[in-house]
$ cat run38.pdb   # PDB, C-alpha atoms, pLDDT in the B column
MODEL        1
ATOM      1  CA  MET D   1       0.000   0.000   0.000  1.00 97.00           C
ATOM      2  CA  LYS D   2       1.107   3.525  -0.739  1.00 97.00           C
ATOM      3  CA  LEU D   3       1.813   5.599   2.366  1.00 98.00           C
ATOM      4  CA  VAL D   4       3.479   8.902   3.184  1.00 98.00           C
ATOM      5  CA  VAL D   5       5.550   9.794   6.205  1.00 98.00           C
ATOM      6  CA  LEU D   6       5.150  13.516   6.881  1.00 97.00           C
ATOM      7  CA  VAL D   7       8.094  14.726   8.914  1.00 96.00           C
ATOM      8  CA  HIS D   8       7.076  17.594  11.206  1.00 95.00           C
ATOM      9  CA  GLU D   9      10.203  19.005  12.805  1.00 94.00           C
ATOM     10  CA  ASP D  10      11.484  22.064  14.582  1.00 93.00           C
ATOM     11  CA  GLU D  11      13.821  23.706  12.045  1.00 91.00           C
ATOM     12  CA  GLU D  12      15.952  25.002  14.891  1.00 92.00           C
ATOM     13  CA  THR D  13      16.826  21.493  16.089  1.00 90.00           C
ATOM     14  CA  TYR D  14      18.984  20.771  13.067  1.00 89.00           C
ATOM     15  CA  ARG D  15      20.152  24.359  12.598  1.00 90.00           C
ATOM     16  CA  SER D  16      21.503  24.595  16.132  1.00 93.00           C
ATOM     17  CA  ALA D  17      22.858  21.037  16.318  1.00 93.00           C
ATOM     18  CA  ASP D  18      26.583  20.474  16.644  1.00 95.00           C
ATOM     19  CA  ALA D  19      28.500  18.184  14.270  1.00 96.00           C
ATOM     20  CA  ALA D  20      27.640  15.095  16.315  1.00 95.00           C
ATOM     21  CA  GLY D  21      23.953  16.046  16.399  1.00 93.00           C
ATOM     22  CA  ARG D  22      23.866  16.594  12.656  1.00 94.00           C
ATOM     23  CA  ALA D  23      25.647  13.296  12.056  1.00 95.00           C
ATOM     24  CA  ARG D  24      23.070  11.535  14.258  1.00 93.00           C
ATOM     25  CA  TYR D  25      20.295  13.193  12.222  1.00 94.00           C
ATOM     26  CA  VAL D  26      21.759  12.005   8.920  1.00 95.00           C
ATOM     27  CA  ARG D  27      22.407   8.513  10.341  1.00 96.00           C
ATOM     28  CA  GLY D  28      18.716   8.234  11.257  1.00 95.00           C
ATOM     29  CA  HIS D  29      17.634   8.916   7.686  1.00 96.00           C
ATOM     30  CA  GLU D  30      20.338   6.613   6.330  1.00 97.00           C
ATOM     31  CA  ALA D  31      19.198   3.807   8.646  1.00 97.00           C
ATOM     32  CA  PHE D  32      15.604   4.253   7.459  1.00 98.00           C
ATOM     33  CA  ALA D  33      16.681   3.930   3.825  1.00 97.00           C
ATOM     34  CA  ARG D  34      19.067   1.047   4.515  1.00 98.00           C
ATOM     35  CA  GLU D  35      16.590  -1.056   6.502  1.00 98.00           C
ATOM     36  CA  ALA D  36      13.574  -0.374   4.249  1.00 98.00           C
ATOM     37  CA  PRO D  37      14.168  -3.084   1.602  1.00 98.00           C
ATOM     38  CA  GLY D  38      14.641  -5.770   4.288  1.00 98.00           C
ATOM     39  CA  VAL D  39      11.098  -5.271   5.593  1.00 98.00           C
ATOM     40  CA  GLY D  40       9.526  -4.933   2.146  1.00 98.00           C
ATOM     41  CA  VAL D  41       9.308  -1.147   2.063  1.00 98.00           C
ATOM     42  CA  THR D  42      10.185   0.656  -1.177  1.00 98.00           C
ATOM     43  CA  ILE D  43      10.946   4.381  -1.027  1.00 98.00           C
ATOM     44  CA  LEU D  44       9.215   5.851  -4.082  1.00 97.00           C
ATOM     45  CA  ALA D  45      10.184   9.450  -3.429  1.00 96.00           C
ATOM     46  CA  CYS D  46      11.495  11.612  -0.652  1.00 95.00           C
ATOM     47  CA  GLU D  47      12.165  15.307  -0.360  1.00 95.00           C
ATOM     48  CA  ALA D  48      13.421  17.677   2.286  1.00 95.00           C
ATOM     49  CA  LEU D  49      11.661  21.030   2.020  1.00 95.00           C
ATOM     50  CA  ALA D  50      13.401  24.365   2.255  1.00 94.00           C
ATOM     51  CA  GLY D  51      12.657  26.241   5.464  1.00 92.00           C
ATOM     52  CA  VAL D  52       9.317  27.948   5.995  1.00 93.00           C
ATOM     53  CA  THR D  53      10.841  31.355   5.258  1.00 93.00           C
ATOM     54  CA  HIS D  54      10.925  30.202   1.609  1.00 94.00           C
ATOM     55  CA  ALA D  55       7.193  29.435   1.539  1.00 95.00           C
ATOM     56  CA  ARG D  56       4.448  31.415  -0.139  1.00 95.00           C
ATOM     57  CA  THR D  57       0.768  30.844   0.493  1.00 95.00           C
ATOM     58  CA  VAL D  58      -2.316  31.484  -1.612  1.00 93.00           C
ATOM     59  CA  ARG D  59      -5.787  31.527  -0.029  1.00 90.00           C
ATOM     60  CA  HIS D  60      -9.285  32.769  -0.689  1.00 83.00           C
ATOM     61  CA  VAL D  61     -10.234  36.056   0.897  1.00 80.00           C
ATOM     62  CA  GLY D  62     -13.840  36.718  -0.034  1.00 77.00           C
ATOM     63  CA  ASP D  63     -14.035  36.331  -3.819  1.00 79.00           C
ATOM     64  CA  ALA D  64     -10.361  37.092  -4.400  1.00 84.00           C
ATOM     65  CA  THR D  65      -7.197  35.071  -3.871  1.00 86.00           C
ATOM     66  CA  GLU D  66      -4.406  36.537  -1.842  1.00 90.00           C
ATOM     67  CA  VAL D  67      -0.743  35.552  -1.927  1.00 92.00           C
ATOM     68  CA  THR D  68       1.319  36.042   1.211  1.00 92.00           C
ATOM     69  CA  ASP D  69       4.830  35.115   2.290  1.00 94.00           C
ATOM     70  CA  GLY D  70       5.207  32.312   4.784  1.00 91.00           C
ATOM     71  CA  PRO D  71       3.747  28.852   5.349  1.00 91.00           C
ATOM     72  CA  VAL D  72       0.127  27.865   5.917  1.00 89.00           C
ATOM     73  CA  ALA D  73       0.754  26.476   9.368  1.00 83.00           C
ATOM     74  CA  ARG D  74       2.817  28.509  11.815  1.00 84.00           C
ATOM     75  CA  THR D  75       3.722  25.809  14.277  1.00 89.00           C
ATOM     76  CA  THR D  76       6.793  24.856  16.258  1.00 90.00           C
ATOM     77  CA  GLU D  77       7.050  21.729  14.096  1.00 92.00           C
ATOM     78  CA  PRO D  78       6.259  22.667  10.469  1.00 93.00           C
ATOM     79  CA  LEU D  79       6.359  20.134   7.646  1.00 95.00           C
ATOM     80  CA  GLY D  80      10.052  19.643   6.941  1.00 94.00           C
ATOM     81  CA  GLY D  81       9.925  16.852   4.397  1.00 96.00           C
ATOM     82  CA  PHE D  82       8.311  13.588   3.460  1.00 97.00           C
ATOM     83  CA  TYR D  83       8.829  10.020   2.343  1.00 98.00           C
ATOM     84  CA  LEU D  84       6.454   8.408  -0.150  1.00 98.00           C
ATOM     85  CA  VAL D  85       6.686   4.629   0.213  1.00 98.00           C
ATOM     86  CA  ASP D  86       5.113   1.384  -0.821  1.00 98.00           C
ATOM     87  CA  ALA D  87       4.799  -0.737   2.330  1.00 98.00           C
ATOM     88  CA  PRO D  88       3.187  -4.093   3.157  1.00 98.00           C
ATOM     89  CA  ASP D  89       1.153  -2.468   5.976  1.00 97.00           C
ATOM     90  CA  VAL D  90       1.105   0.484   8.367  1.00 96.00           C
ATOM     91  CA  ALA D  91       2.633  -1.479  11.270  1.00 96.00           C
ATOM     92  CA  THR D  92       5.733  -2.348   9.243  1.00 98.00           C
ATOM     93  CA  LEU D  93       6.236   1.297   8.358  1.00 98.00           C
ATOM     94  CA  GLU D  94       5.746   2.314  12.001  1.00 96.00           C
ATOM     95  CA  GLY D  95       8.618   0.031  12.950  1.00 96.00           C
ATOM     96  CA  LEU D  96      10.845   1.574  10.307  1.00 97.00           C
ATOM     97  CA  VAL D  97       9.930   5.170  11.209  1.00 97.00           C
ATOM     98  CA  ARG D  98      11.343   4.546  14.698  1.00 95.00           C
ATOM     99  CA  LEU D  99      14.779   4.756  13.073  1.00 95.00           C
ATOM    100  CA  LEU D 100      14.221   8.349  11.904  1.00 96.00           C
ATOM    101  CA  PRO D 101      15.661  11.241  13.896  1.00 94.00           C
ATOM    102  CA  GLU D 102      13.865  13.347  16.477  1.00 92.00           C
ATOM    103  CA  ALA D 103      10.613  14.772  15.021  1.00 94.00           C
ATOM    104  CA  THR D 104       6.905  14.054  14.878  1.00 95.00           C
ATOM    105  CA  HIS D 105       6.326  11.641  12.022  1.00 96.00           C
ATOM    106  CA  GLU D 106       2.785  11.419  10.647  1.00 96.00           C
ATOM    107  CA  ILE D 107       1.890   8.297   8.648  1.00 97.00           C
ATOM    108  CA  ARG D 108      -0.927   8.774   6.140  1.00 97.00           C
ATOM    109  CA  GLU D 109      -2.434   6.583   3.444  1.00 96.00           C
ATOM    110  CA  CYS D 110      -2.553   7.780  -0.154  1.00 97.00           C
ATOM    111  CA  VAL D 111      -5.759   7.641  -2.166  1.00 94.00           C
ATOM    112  CA  GLU D 112      -5.195   5.056  -4.893  1.00 85.00           C
ATOM    113  CA  PRO D 113      -6.723   6.146  -8.207  1.00 76.00           C
TER
ATOM    114  CA  MET Y   1       9.717  36.359 -13.191  1.00 56.00           C
ATOM    115  CA  THR Y   2      11.705  33.327 -14.256  1.00 61.00           C
ATOM    116  CA  SER Y   3      14.830  31.839 -12.795  1.00 75.00           C
ATOM    117  CA  THR Y   4      16.843  28.634 -12.932  1.00 86.00           C
ATOM    118  CA  PRO Y   5      14.482  25.632 -12.941  1.00 91.00           C
ATOM    119  CA  ARG Y   6      14.168  23.910  -9.594  1.00 93.00           C
ATOM    120  CA  THR Y   7      11.779  21.530  -7.909  1.00 95.00           C
ATOM    121  CA  TRP Y   8       8.943  22.904  -5.833  1.00 96.00           C
ATOM    122  CA  THR Y   9       6.365  21.296  -3.610  1.00 97.00           C
ATOM    123  CA  LEU Y  10       2.814  22.526  -3.925  1.00 97.00           C
ATOM    124  CA  LEU Y  11       1.200  21.643  -0.602  1.00 97.00           C
ATOM    125  CA  LEU Y  12      -2.602  21.453  -0.555  1.00 95.00           C
ATOM    126  CA  TRP Y  13      -3.968  22.180   2.917  1.00 94.00           C
ATOM    127  CA  GLY Y  14      -7.546  22.238   4.090  1.00 90.00           C
ATOM    128  CA  ASP Y  15     -10.412  20.778   6.024  1.00 84.00           C
ATOM    129  CA  PRO Y  16     -10.748  17.212   4.636  1.00 74.00           C
ATOM    130  CA  ASP Y  17     -14.556  17.383   4.890  1.00 72.00           C
ATOM    131  CA  ALA Y  18     -14.980  20.860   3.401  1.00 75.00           C
ATOM    132  CA  CYS Y  19     -14.782  20.067  -0.321  1.00 63.00           C
ATOM    133  CA  LEU Y  20     -18.145  21.035  -1.765  1.00 71.00           C
ATOM    134  CA  ASP Y  21     -18.012  19.183  -5.085  1.00 82.00           C
ATOM    135  CA  LEU Y  22     -15.509  16.352  -5.468  1.00 82.00           C
ATOM    136  CA  GLY Y  23     -16.155  15.981  -9.208  1.00 87.00           C
ATOM    137  CA  ALA Y  24     -15.520  19.656  -9.835  1.00 87.00           C
ATOM    138  CA  SER Y  25     -12.420  19.495  -7.679  1.00 87.00           C
ATOM    139  CA  TYR Y  26     -10.966  16.582  -9.673  1.00 90.00           C
ATOM    140  CA  ALA Y  27     -11.817  18.431 -12.909  1.00 92.00           C
ATOM    141  CA  ALA Y  28      -9.911  21.452 -11.585  1.00 92.00           C
ATOM    142  CA  HIS Y  29      -6.875  19.210 -10.980  1.00 94.00           C
ATOM    143  CA  GLU Y  30      -7.067  17.888 -14.547  1.00 95.00           C
ATOM    144  CA  ARG Y  31      -7.253  21.458 -15.840  1.00 96.00           C
ATOM    145  CA  PHE Y  32      -4.319  22.402 -13.627  1.00 96.00           C
ATOM    146  CA  ALA Y  33      -2.243  19.527 -15.037  1.00 97.00           C
ATOM    147  CA  ALA Y  34      -3.039  20.619 -18.611  1.00 97.00           C
ATOM    148  CA  ASP Y  35      -2.232  24.269 -17.798  1.00 97.00           C
ATOM    149  CA  CYS Y  36       1.064  23.233 -16.220  1.00 98.00           C
ATOM    150  CA  ALA Y  37       2.046  21.309 -19.354  1.00 97.00           C
ATOM    151  CA  ALA Y  38       1.116  24.294 -21.538  1.00 98.00           C
ATOM    152  CA  HIS Y  39       3.196  26.715 -19.450  1.00 97.00           C
ATOM    153  CA  GLY Y  40       6.319  24.616 -19.000  1.00 97.00           C
ATOM    154  CA  HIS Y  41       5.747  23.551 -15.409  1.00 98.00           C
ATOM    155  CA  GLU Y  42       6.755  19.881 -15.295  1.00 98.00           C
ATOM    156  CA  ILE Y  43       4.705  17.841 -12.814  1.00 98.00           C
ATOM    157  CA  LEU Y  44       7.095  15.191 -11.445  1.00 96.00           C
ATOM    158  CA  GLY Y  45       4.583  13.540  -9.142  1.00 96.00           C
ATOM    159  CA  GLY Y  46       1.794  14.067  -6.730  1.00 96.00           C
ATOM    160  CA  GLU Y  47      -0.459  12.287  -4.299  1.00 96.00           C
ATOM    161  CA  GLU Y  48      -3.865  12.709  -2.749  1.00 95.00           C
ATOM    162  CA  LEU Y  49      -3.793  11.735   0.918  1.00 95.00           C
ATOM    163  CA  ALA Y  50      -6.558   9.808   2.653  1.00 92.00           C
ATOM    164  CA  SER Y  51      -8.424  11.308   5.582  1.00 89.00           C
ATOM    165  CA  PRO Y  52      -6.162  12.381   8.447  1.00 90.00           C
ATOM    166  CA  SER Y  53      -8.554  10.728  10.907  1.00 89.00           C
ATOM    167  CA  ALA Y  54      -6.718   7.448  10.303  1.00 89.00           C
ATOM    168  CA  ALA Y  55      -3.255   9.001  10.650  1.00 94.00           C
ATOM    169  CA  ARG Y  56      -0.687   7.472  12.963  1.00 95.00           C
ATOM    170  CA  LEU Y  57       1.783   9.681  14.784  1.00 94.00           C
ATOM    171  CA  LEU Y  58       5.207   8.634  15.924  1.00 95.00           C
ATOM    172  CA  ARG Y  59       6.941  11.209  18.055  1.00 93.00           C
ATOM    173  CA  VAL Y  60      10.635  10.411  18.179  1.00 89.00           C
ATOM    174  CA  GLY Y  61      12.186  12.231  21.102  1.00 86.00           C
ATOM    175  CA  ALA Y  62      15.108  11.985  23.479  1.00 80.00           C
ATOM    176  CA  ASP Y  63      13.279   9.279  25.457  1.00 83.00           C
ATOM    177  CA  GLY Y  64      12.609   7.157  22.399  1.00 81.00           C
ATOM    178  CA  PRO Y  65       9.647   6.850  20.054  1.00 86.00           C
ATOM    179  CA  GLU Y  66       6.072   7.252  21.266  1.00 91.00           C
ATOM    180  CA  LEU Y  67       3.179   6.097  19.088  1.00 91.00           C
ATOM    181  CA  SER Y  68      -0.325   7.576  19.039  1.00 92.00           C
ATOM    182  CA  ASP Y  69      -3.326   8.092  16.778  1.00 91.00           C
ATOM    183  CA  GLY Y  70      -3.327  11.193  14.588  1.00 83.00           C
ATOM    184  CA  PRO Y  71      -3.904  13.609  13.082  1.00 83.00           C
ATOM    185  CA  PHE Y  72      -1.153  16.063  13.937  1.00 85.00           C
ATOM    186  CA  ALA Y  73      -3.088  18.262  16.360  1.00 77.00           C
ATOM    187  CA  GLU Y  74      -0.867  21.316  16.018  1.00 75.00           C
ATOM    188  CA  LEU Y  75      -2.413  22.041  12.622  1.00 80.00           C
ATOM    189  CA  THR Y  76      -5.739  23.748  12.004  1.00 81.00           C
ATOM    190  CA  GLU Y  77      -5.664  22.703   8.336  1.00 89.00           C
ATOM    191  CA  GLN Y  78      -4.464  19.217   7.390  1.00 92.00           C
ATOM    192  CA  LEU Y  79      -2.352  18.242   4.403  1.00 94.00           C
ATOM    193  CA  GLY Y  80      -4.705  16.798   1.784  1.00 93.00           C
ATOM    194  CA  GLY Y  81      -2.219  16.231  -0.992  1.00 95.00           C
ATOM    195  CA  PHE Y  82       0.810  17.559  -2.790  1.00 97.00           C
ATOM    196  CA  TYR Y  83       2.475  18.001  -6.140  1.00 98.00           C
ATOM    197  CA  LEU Y  84       6.182  17.959  -6.956  1.00 97.00           C
ATOM    198  CA  ILE Y  85       6.747  20.356  -9.855  1.00 97.00           C
ATOM    199  CA  ARG Y  86       9.876  21.473 -11.680  1.00 96.00           C
ATOM    200  CA  THR Y  87       9.660  25.025 -12.984  1.00 96.00           C
ATOM    201  CA  ALA Y  88      11.652  28.192 -13.618  1.00 96.00           C
ATOM    202  CA  ASP Y  89       8.585  30.345 -13.011  1.00 96.00           C
ATOM    203  CA  PRO Y  90       7.210  29.830  -9.484  1.00 95.00           C
ATOM    204  CA  ASP Y  91       5.077  32.989  -9.701  1.00 94.00           C
ATOM    205  CA  GLY Y  92       3.322  31.680 -12.806  1.00 95.00           C
ATOM    206  CA  LEU Y  93       2.869  28.308 -11.143  1.00 96.00           C
ATOM    207  CA  LEU Y  94       1.303  29.901  -8.066  1.00 94.00           C
ATOM    208  CA  HIS Y  95      -1.057  31.836 -10.327  1.00 92.00           C
ATOM    209  CA  LEU Y  96      -2.230  28.587 -11.980  1.00 94.00           C
ATOM    210  CA  ALA Y  97      -2.500  26.821  -8.630  1.00 94.00           C
ATOM    211  CA  ALA Y  98      -4.904  29.474  -7.353  1.00 91.00           C
ATOM    212  CA  GLY Y  99      -7.465  27.946  -9.754  1.00 89.00           C
ATOM    213  CA  LEU Y 100      -7.484  24.799  -7.623  1.00 90.00           C
ATOM    214  CA  LEU Y 101      -9.123  26.774  -4.826  1.00 87.00           C
ATOM    215  CA  GLN Y 102     -12.258  27.587  -6.817  1.00 81.00           C
ATOM    216  CA  ASN Y 103     -14.007  24.362  -5.861  1.00 74.00           C
ATOM    217  CA  ASP Y 104     -12.035  23.547  -2.750  1.00 77.00           C
ATOM    218  CA  PRO Y 105     -11.838  26.225  -0.062  1.00 79.00           C
ATOM    219  CA  GLY Y 106      -8.389  25.274   1.188  1.00 88.00           C
ATOM    220  CA  THR Y 107      -5.013  26.934   1.259  1.00 94.00           C
ATOM    221  CA  ILE Y 108      -2.080  26.303  -1.057  1.00 95.00           C
ATOM    222  CA  GLU Y 109       1.573  26.582  -0.099  1.00 96.00           C
ATOM    223  CA  LEU Y 110       4.487  26.653  -2.521  1.00 97.00           C
ATOM    224  CA  ARG Y 111       7.882  25.757  -1.115  1.00 96.00           C
ATOM    225  CA  PRO Y 112      11.116  24.727  -2.851  1.00 95.00           C
ATOM    226  CA  VAL Y 113      12.687  21.409  -1.971  1.00 95.00           C
ATOM    227  CA  GLY Y 114      16.166  21.367  -0.510  1.00 88.00           C
ATOM    228  CA  GLY Y 115      16.892  21.105   3.169  1.00 55.00           C
ATOM    229  CA  GLN Y 116      18.126  23.767   5.503  1.00 44.00           C
ATOM    230  CA  ASP Y 117      21.627  22.553   4.867  1.00 42.00           C
ATOM    231  CA  GLU Y 118      21.160  21.432   1.268  1.00 42.00           C
ATOM    232  CA  GLN Y 119      21.496  17.654   1.102  1.00 39.00           C
ATOM    233  CA  ALA Y 120      21.752  16.920   4.819  1.00 38.00           C
ATOM    234  CA  ALA Y 121      18.110  15.997   5.172  1.00 39.00           C
ATOM    235  CA  ALA Y 122      17.782  14.206   1.848  1.00 39.00           C
ATOM    236  CA  PRO Y 123      20.256  11.334   1.859  1.00 38.00           C
ATOM    237  CA  VAL Y 124      18.221   9.113  -0.446  1.00 39.00           C
ATOM    238  CA  ASP Y 125      18.154   9.848  -4.138  1.00 39.00           C
ATOM    239  CA  ALA Y 126      14.864   8.171  -5.027  1.00 39.00           C
ATOM    240  CA  GLU Y 127      13.161   8.544  -8.352  1.00 38.00           C
ATOM    241  CA  PRO Y 128      10.075  10.750  -8.214  1.00 38.00           C
ATOM    242  CA  VAL Y 129       6.814   8.958  -8.808  1.00 39.00           C
ATOM    243  CA  ALA Y 130       5.227   9.172 -12.208  1.00 38.00           C
ATOM    244  CA  SER Y 131       1.600   9.266 -11.135  1.00 39.00           C
ATOM    245  CA  VAL Y 132      -0.277  12.483 -10.550  1.00 37.00           C
ATOM    246  CA  ALA Y 133      -3.061  13.100  -8.069  1.00 35.00           C
ATOM    247  CA  SER Y 134      -6.224  13.573 -10.064  1.00 32.00           C
TER
ENDMDL
END
$ encode --input "run38.pdb" --output "structure tokens"
Amino acid sequence: MKLVVLVHEDEETYRSADAAGRARYVRGHEAFAREAPGVGVTILACEALAGVTHARTVRHVGDATEVTDGPVARTTEPLGGFYLVDAPDVATLEGLVRLLPEATHEIRECVEP
Amino acid sequence: MTSTPRTWTLLLWGDPDACLDLGASYAAHERFAADCAAHGHEILGGEELASPSAARLLRVGADGPELSDGPFAELTEQLGGFYLIRTADPDGLLHLAAGLLQNDPGTIELRPVGGQDEQAAAPVDAEPVASVAS
């Protein structure tokens, strides 16, 4: 089944990390990718997003649309990136996500056409 | 304004139950895909996400991972889908994307890919998916 892992993370955590902290962060993502095939998970796509200061947002205001700078959600843990995977089931992916670095990881199903 | 082509994520946020006319919304996505092709915005992939009510959350912290049911409560609007699009004209792309809001009262966010420290957060070089949310 096709699932996404939405990585919600505090941008400051990585930005302020020392070399060891950054290495730990990268190792977490590397472990996820390395262990995935062994449990039947295929990574179809993954992207890290640029920081929220690079975001622009378009929304309806009355009958007009308005474009503003900044992200939709102003939270302490904005969307920082995602994995799109094909996994045997949600539980298998949950086990794999435990390898990822410190963040709140949201697992969602995709709508199959 | 155009610049060097790069990959952007178009994030579609909203209330998952608020869409007034699903058929019209899907038609708007088909029109958007055709408009993108006509204006040189290359859609690399995209997905529609299922309802966030079934989401699972795994908070990985200093004390280890903690699993709970979702959705991610910090958000007032939930992610409903996304596109990955390569373009040199993000302003033009945002203009086209505004059309997606006509039948779906959500909010659209355009953000380039590329981590805070370039490749640090993207160690895997996976092929983008070919399918497009429609």
$ resolve_selection --input "run38.pdb" --expression "the ChimeraX specification (/Y :<8) & /D" --output "PyMOL selection string"
chain D and resi 11+15+25-26+29-30+33+43-52+54-60+65+71-73+75+80+94+97-98+100-111+113
$ write_last_selection --input "run38.pdb" --atoms "C-alpha atoms" --output "PDB file, in the frame of the given file"
ATOM      1  CA  GLU D  11      13.821  23.706  12.045  1.00 91.00           C
ATOM      2  CA  ARG D  15      20.152  24.359  12.598  1.00 90.00           C
ATOM      3  CA  TYR D  25      20.295  13.193  12.222  1.00 94.00           C
ATOM      4  CA  VAL D  26      21.759  12.005   8.920  1.00 95.00           C
ATOM      5  CA  HIS D  29      17.634   8.916   7.686  1.00 96.00           C
ATOM      6  CA  GLU D  30      20.338   6.613   6.330  1.00 97.00           C
ATOM      7  CA  ALA D  33      16.681   3.930   3.825  1.00 97.00           C
ATOM      8  CA  ILE D  43      10.946   4.381  -1.027  1.00 98.00           C
ATOM      9  CA  LEU D  44       9.215   5.851  -4.082  1.00 97.00           C
ATOM     10  CA  ALA D  45      10.184   9.450  -3.429  1.00 96.00           C
ATOM     11  CA  CYS D  46      11.495  11.612  -0.652  1.00 95.00           C
ATOM     12  CA  GLU D  47      12.165  15.307  -0.360  1.00 95.00           C
ATOM     13  CA  ALA D  48      13.421  17.677   2.286  1.00 95.00           C
ATOM     14  CA  LEU D  49      11.661  21.030   2.020  1.00 95.00           C
ATOM     15  CA  ALA D  50      13.401  24.365   2.255  1.00 94.00           C
ATOM     16  CA  GLY D  51      12.657  26.241   5.464  1.00 92.00           C
ATOM     17  CA  VAL D  52       9.317  27.948   5.995  1.00 93.00           C
ATOM     18  CA  HIS D  54      10.925  30.202   1.609  1.00 94.00           C
ATOM     19  CA  ALA D  55       7.193  29.435   1.539  1.00 95.00           C
ATOM     20  CA  ARG D  56       4.448  31.415  -0.139  1.00 95.00           C
ATOM     21  CA  THR D  57       0.768  30.844   0.493  1.00 95.00           C
ATOM     22  CA  VAL D  58      -2.316  31.484  -1.612  1.00 93.00           C
ATOM     23  CA  ARG D  59      -5.787  31.527  -0.029  1.00 90.00           C
ATOM     24  CA  HIS D  60      -9.285  32.769  -0.689  1.00 83.00           C
ATOM     25  CA  THR D  65      -7.197  35.071  -3.871  1.00 86.00           C
ATOM     26  CA  PRO D  71       3.747  28.852   5.349  1.00 91.00           C
ATOM     27  CA  VAL D  72       0.127  27.865   5.917  1.00 89.00           C
ATOM     28  CA  ALA D  73       0.754  26.476   9.368  1.00 83.00           C
ATOM     29  CA  THR D  75       3.722  25.809  14.277  1.00 89.00           C
ATOM     30  CA  GLY D  80      10.052  19.643   6.941  1.00 94.00           C
ATOM     31  CA  GLU D  94       5.746   2.314  12.001  1.00 96.00           C
ATOM     32  CA  VAL D  97       9.930   5.170  11.209  1.00 97.00           C
ATOM     33  CA  ARG D  98      11.343   4.546  14.698  1.00 95.00           C
ATOM     34  CA  LEU D 100      14.221   8.349  11.904  1.00 96.00           C
ATOM     35  CA  PRO D 101      15.661  11.241  13.896  1.00 94.00           C
ATOM     36  CA  GLU D 102      13.865  13.347  16.477  1.00 92.00           C
ATOM     37  CA  ALA D 103      10.613  14.772  15.021  1.00 94.00           C
ATOM     38  CA  THR D 104       6.905  14.054  14.878  1.00 95.00           C
ATOM     39  CA  HIS D 105       6.326  11.641  12.022  1.00 96.00           C
ATOM     40  CA  GLU D 106       2.785  11.419  10.647  1.00 96.00           C
ATOM     41  CA  ILE D 107       1.890   8.297   8.648  1.00 97.00           C
ATOM     42  CA  ARG D 108      -0.927   8.774   6.140  1.00 97.00           C
ATOM     43  CA  GLU D 109      -2.434   6.583   3.444  1.00 96.00           C
ATOM     44  CA  CYS D 110      -2.553   7.780  -0.154  1.00 97.00           C
ATOM     45  CA  VAL D 111      -5.759   7.641  -2.166  1.00 94.00           C
ATOM     46  CA  PRO D 113      -6.723   6.146  -8.207  1.00 76.00           C
TER      47      PRO D 113
END
$ atom_distance --input "run38.pdb" --atom1 "CA of Lys2 in chain D" --atom2 "CA of Phe32 in chain D"
16.7 Å
$ atom_distance --input "run38.pdb" --atom1 "CA of Val67 in chain D" --atom2 "CA of His39 in chain Y"
20.0 Å
$ atom_distance --input "run38.pdb" --atom1 "CA of Val5 in chain D" --atom2 "CA of Phe82 in chain D"
5.4 Å
$ axis_aligned_box --input "run38.pdb" --around "range 1-12 of chain D" --padding-each-side "3 Å" --output "lines of an AutoDock Vina configuration file"
center_x = 8.0
center_y = 12.5
center_z = 7.1
size_x = 22.0
size_y = 31.0
size_z = 21.6
$ residues_around --input "run38.pdb" --residues "Ile43 in chain Y" --least-positions-apart "5" --cutoff "9 Å" --atoms "all atoms listed in the file" --output "JSON, numbers by chain"
{"Y": [33, 36, 37, 83, 84, 85, 86, 87, 130, 132]}
$ closest_residue --input "run38.pdb" --among "Y:Leu96, Y:Ala73, Y:Pro16, Y:Gly23" --to "Asp35 in chain Y" --atoms "only C-alpha atoms"
Y:Leu96
$ decode --input "run38.pdb" --residues "range 99-108 of chain D" --atoms "N, CA and C atoms" --output "compact mmCIF listing (two decimals), in the first residue's frame"
# COMPACT_ATOMS: atom_id res chain seq x y z
N LEU D 99 13.36 4.52 13.34
CA LEU D 99 14.78 4.76 13.07
C LEU D 99 15.07 6.22 12.72
N LEU D 100 14.02 6.96 12.34
CA LEU D 100 14.22 8.35 11.90
C LEU D 100 14.59 9.24 13.09
N PRO D 101 15.24 10.37 12.80
CA PRO D 101 15.66 11.24 13.90
C PRO D 101 14.50 11.96 14.57
N GLU D 102 14.83 12.64 15.62
CA GLU D 102 13.87 13.35 16.48
C GLU D 102 12.94 14.26 15.67
N ALA D 103 11.63 14.00 15.74
CA ALA D 103 10.61 14.77 15.02
C ALA D 103 9.28 14.11 15.31
N THR D 104 8.20 14.72 14.83
CA THR D 104 6.90 14.05 14.88
C THR D 104 6.58 13.57 13.48
N HIS D 105 6.51 12.26 13.33
CA HIS D 105 6.33 11.64 12.02
C HIS D 105 4.87 11.20 11.88
N GLU D 106 4.20 11.71 10.86
CA GLU D 106 2.79 11.42 10.65
C GLU D 106 2.67 10.45 9.47
N ILE D 107 2.06 9.31 9.71
CA ILE D 107 1.89 8.30 8.65
C ILE D 107 0.48 8.41 8.09
N ARG D 108 0.38 8.61 6.78
CA ARG D 108 -0.93 8.77 6.14
C ARG D 108 -1.01 7.88 4.91
